[in-house]
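Down below is the structure, laid out as structure tokens.
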Amino acid sequence: AGVPHLTGALLLYFAGYVLLSGVRLVPVAAVAGGGGSAGWGDRPELARACRLSMGIAMLAMLATL
């Protein structure tokens, strides 16, 4: 087990990070007249979804400590 104060602080940090990342994934109004199809690297929501899953995993790990 870790230091309880540090574990609690990290738990709160990652809970906030997960909530903020989840809010950022909510779709906004699409811009009309978009160009061609975008590749995987041109999709910022994919990177946000990966960071969200990492944050959820860290939150689960810290909750078990």
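Letters A, B, ... go to the chains of the structure tokens in the order shown; residues in each chain start at 1; ligands are counted from 1 in the same order.
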*Find the residues around Leu62 (chain A) up to 12 Å (only C-alpha atoms counted), leave out those fewer than 4 positions away in its own chain, and share them as a list in words.*
Ala1, Gly2, Val3, Pro4, His5, Leu6, Thr7, Gly8, Ala9, Leu10, Leu11, Leu12, Tyr13, Phe14, Ala15, Gly55, Ile56, Ala57 and Met58 of chain A
Keeping only all heavy atoms, take the residues you just selected and write them out as a compact mmCIF listing (two decimals), in the first residue's frame.
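And here is the file that came out, part_38.txt:
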# COMPACT_ATOMS: atom_id res chain seq x y z
N ALA A 1 0.83 -1.18 0.00
CA ALA A 1 0.00 0.00 0.00
C ALA A 1 0.88 1.25 0.00
O ALA A 1 2.01 1.22 0.44
CB ALA A 1 -0.92 0.00 1.20
N GLY A 2 0.34 2.31 -0.49
CA GLY A 2 1.09 3.55 -0.55
C GLY A 2 0.80 4.43 0.65
O GLY A 2 0.12 4.04 1.59
N VAL A 3 1.35 5.62 0.60
CA VAL A 3 1.09 6.61 1.64
C VAL A 3 -0.36 7.07 1.50
O VAL A 3 -0.77 7.50 0.42
CB VAL A 3 2.07 7.80 1.48
CG1 VAL A 3 1.80 8.86 2.52
CG2 VAL A 3 3.51 7.32 1.55
N PRO A 4 -1.18 6.97 2.56
CA PRO A 4 -2.61 7.29 2.41
C PRO A 4 -2.90 8.70 1.90
O PRO A 4 -3.80 8.87 1.08
CB PRO A 4 -3.16 7.11 3.83
CG PRO A 4 -2.21 6.18 4.48
CD PRO A 4 -0.87 6.46 3.88
N HIS A 5 -2.16 9.70 2.33
CA HIS A 5 -2.43 11.06 1.86
C HIS A 5 -2.09 11.22 0.39
O HIS A 5 -2.84 11.85 -0.36
CB HIS A 5 -1.64 12.08 2.69
CG HIS A 5 -2.04 12.11 4.13
ND1 HIS A 5 -3.28 12.57 4.53
CD2 HIS A 5 -1.40 11.71 5.25
CE1 HIS A 5 -3.38 12.47 5.83
NE2 HIS A 5 -2.24 11.94 6.31
N LEU A 6 -0.99 10.64 -0.02
CA LEU A 6 -0.59 10.71 -1.43
C LEU A 6 -1.56 9.93 -2.30
O LEU A 6 -1.96 10.40 -3.38
CB LEU A 6 0.84 10.18 -1.61
CG LEU A 6 1.39 10.19 -3.02
CD1 LEU A 6 1.45 11.61 -3.55
CD2 LEU A 6 2.77 9.55 -3.04
N THR A 7 -1.97 8.76 -1.84
CA THR A 7 -2.93 7.96 -2.59
C THR A 7 -4.26 8.70 -2.73
O THR A 7 -4.86 8.72 -3.81
CB THR A 7 -3.14 6.60 -1.90
OG1 THR A 7 -1.88 5.94 -1.79
CG2 THR A 7 -4.09 5.72 -2.69
N GLY A 8 -4.71 9.32 -1.66
CA GLY A 8 -5.96 10.09 -1.72
C GLY A 8 -5.87 11.27 -2.65
O GLY A 8 -6.81 11.56 -3.40
N ALA A 9 -4.73 11.96 -2.63
CA ALA A 9 -4.55 13.11 -3.52
C ALA A 9 -4.54 12.66 -4.98
O ALA A 9 -5.16 13.30 -5.84
CB ALA A 9 -3.27 13.84 -3.17
N LEU A 10 -3.85 11.57 -5.26
CA LEU A 10 -3.82 11.06 -6.63
C LEU A 10 -5.19 10.55 -7.07
O LEU A 10 -5.58 10.71 -8.23
CB LEU A 10 -2.78 9.95 -6.76
CG LEU A 10 -1.33 10.41 -6.74
CD1 LEU A 10 -0.40 9.20 -6.66
CD2 LEU A 10 -1.00 11.25 -7.95
N LEU A 11 -5.92 9.96 -6.13
CA LEU A 11 -7.27 9.49 -6.44
C LEU A 11 -8.17 10.66 -6.81
O LEU A 11 -8.91 10.59 -7.81
CB LEU A 11 -7.83 8.74 -5.23
CG LEU A 11 -9.13 7.99 -5.42
CD1 LEU A 11 -8.95 6.86 -6.42
CD2 LEU A 11 -9.58 7.43 -4.09
N LEU A 12 -8.10 11.75 -6.07
CA LEU A 12 -8.89 12.93 -6.40
C LEU A 12 -8.47 13.55 -7.73
O LEU A 12 -9.30 13.99 -8.53
CB LEU A 12 -8.78 13.96 -5.28
CG LEU A 12 -9.51 13.62 -3.99
CD1 LEU A 12 -9.20 14.67 -2.93
CD2 LEU A 12 -10.99 13.53 -4.24
N TYR A 13 -7.14 13.59 -7.97
CA TYR A 13 -6.64 14.16 -9.21
C TYR A 13 -7.16 13.38 -10.42
O TYR A 13 -7.67 13.96 -11.39
CB TYR A 13 -5.11 14.18 -9.22
CG TYR A 13 -4.53 14.54 -10.56
CD1 TYR A 13 -4.51 15.85 -11.00
CD2 TYR A 13 -4.03 13.55 -11.41
CE1 TYR A 13 -4.00 16.19 -12.24
CE2 TYR A 13 -3.51 13.87 -12.64
CZ TYR A 13 -3.50 15.18 -13.07
OH TYR A 13 -3.00 15.50 -14.30
N PHE A 14 -7.03 12.04 -10.37
CA PHE A 14 -7.45 11.25 -11.53
C PHE A 14 -8.97 11.21 -11.66
O PHE A 14 -9.48 11.09 -12.78
CB PHE A 14 -6.86 9.84 -11.46
CG PHE A 14 -5.45 9.80 -11.97
CD1 PHE A 14 -4.39 9.64 -11.12
CD2 PHE A 14 -5.18 9.95 -13.32
CE1 PHE A 14 -3.09 9.62 -11.58
CE2 PHE A 14 -3.89 9.94 -13.81
CZ PHE A 14 -2.84 9.78 -12.93
N ALA A 15 -9.72 11.34 -10.57
CA ALA A 15 -11.18 11.44 -10.68
C ALA A 15 -11.56 12.72 -11.42
O ALA A 15 -12.41 12.70 -12.31
CB ALA A 15 -11.81 11.42 -9.29
N GLY A 55 -6.79 7.22 -17.71
CA GLY A 55 -7.21 7.84 -16.46
C GLY A 55 -8.15 6.94 -15.67
O GLY A 55 -8.05 6.84 -14.44
N ILE A 56 -9.05 6.24 -16.36
CA ILE A 56 -9.96 5.32 -15.69
C ILE A 56 -9.18 4.15 -15.10
O ILE A 56 -9.45 3.72 -13.96
CB ILE A 56 -11.04 4.83 -16.66
CG1 ILE A 56 -11.97 5.97 -17.02
CG2 ILE A 56 -11.82 3.66 -16.07
CD1 ILE A 56 -12.94 5.65 -18.14
N ALA A 57 -8.18 3.66 -15.82
CA ALA A 57 -7.36 2.57 -15.31
C ALA A 57 -6.56 3.01 -14.07
O ALA A 57 -6.45 2.26 -13.10
CB ALA A 57 -6.41 2.06 -16.40
N MET A 58 -6.02 4.21 -14.09
CA MET A 58 -5.28 4.71 -12.94
C MET A 58 -6.22 4.91 -11.75
O MET A 58 -5.85 4.61 -10.60
CB MET A 58 -4.60 6.03 -13.27
CG MET A 58 -3.41 5.90 -14.19
SD MET A 58 -2.07 4.98 -13.47
CE MET A 58 -1.58 6.05 -12.14
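Reported to one decimal place, the separation of CA of Ala47 (chain A) from CA of Leu65 (chain A) is 27.6 Å.
The protein and nucleic acid residues lying at most 9 Å from Gly22 (chain A) are Arg48, Ala49 and Leu52 of chain A, with only C-alpha atoms considered and sequence neighbours fewer than 6 positions away removed.
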*Interatomic distance, CA of Gly16 (chain A) to CA of Asp42 (chain A) (Å, one decimal)*: 26.3 Å
*Any idea what the distance is between CA of Arg24 (chain A) and CA of Glu45 (chain A)?*
8.5 Å
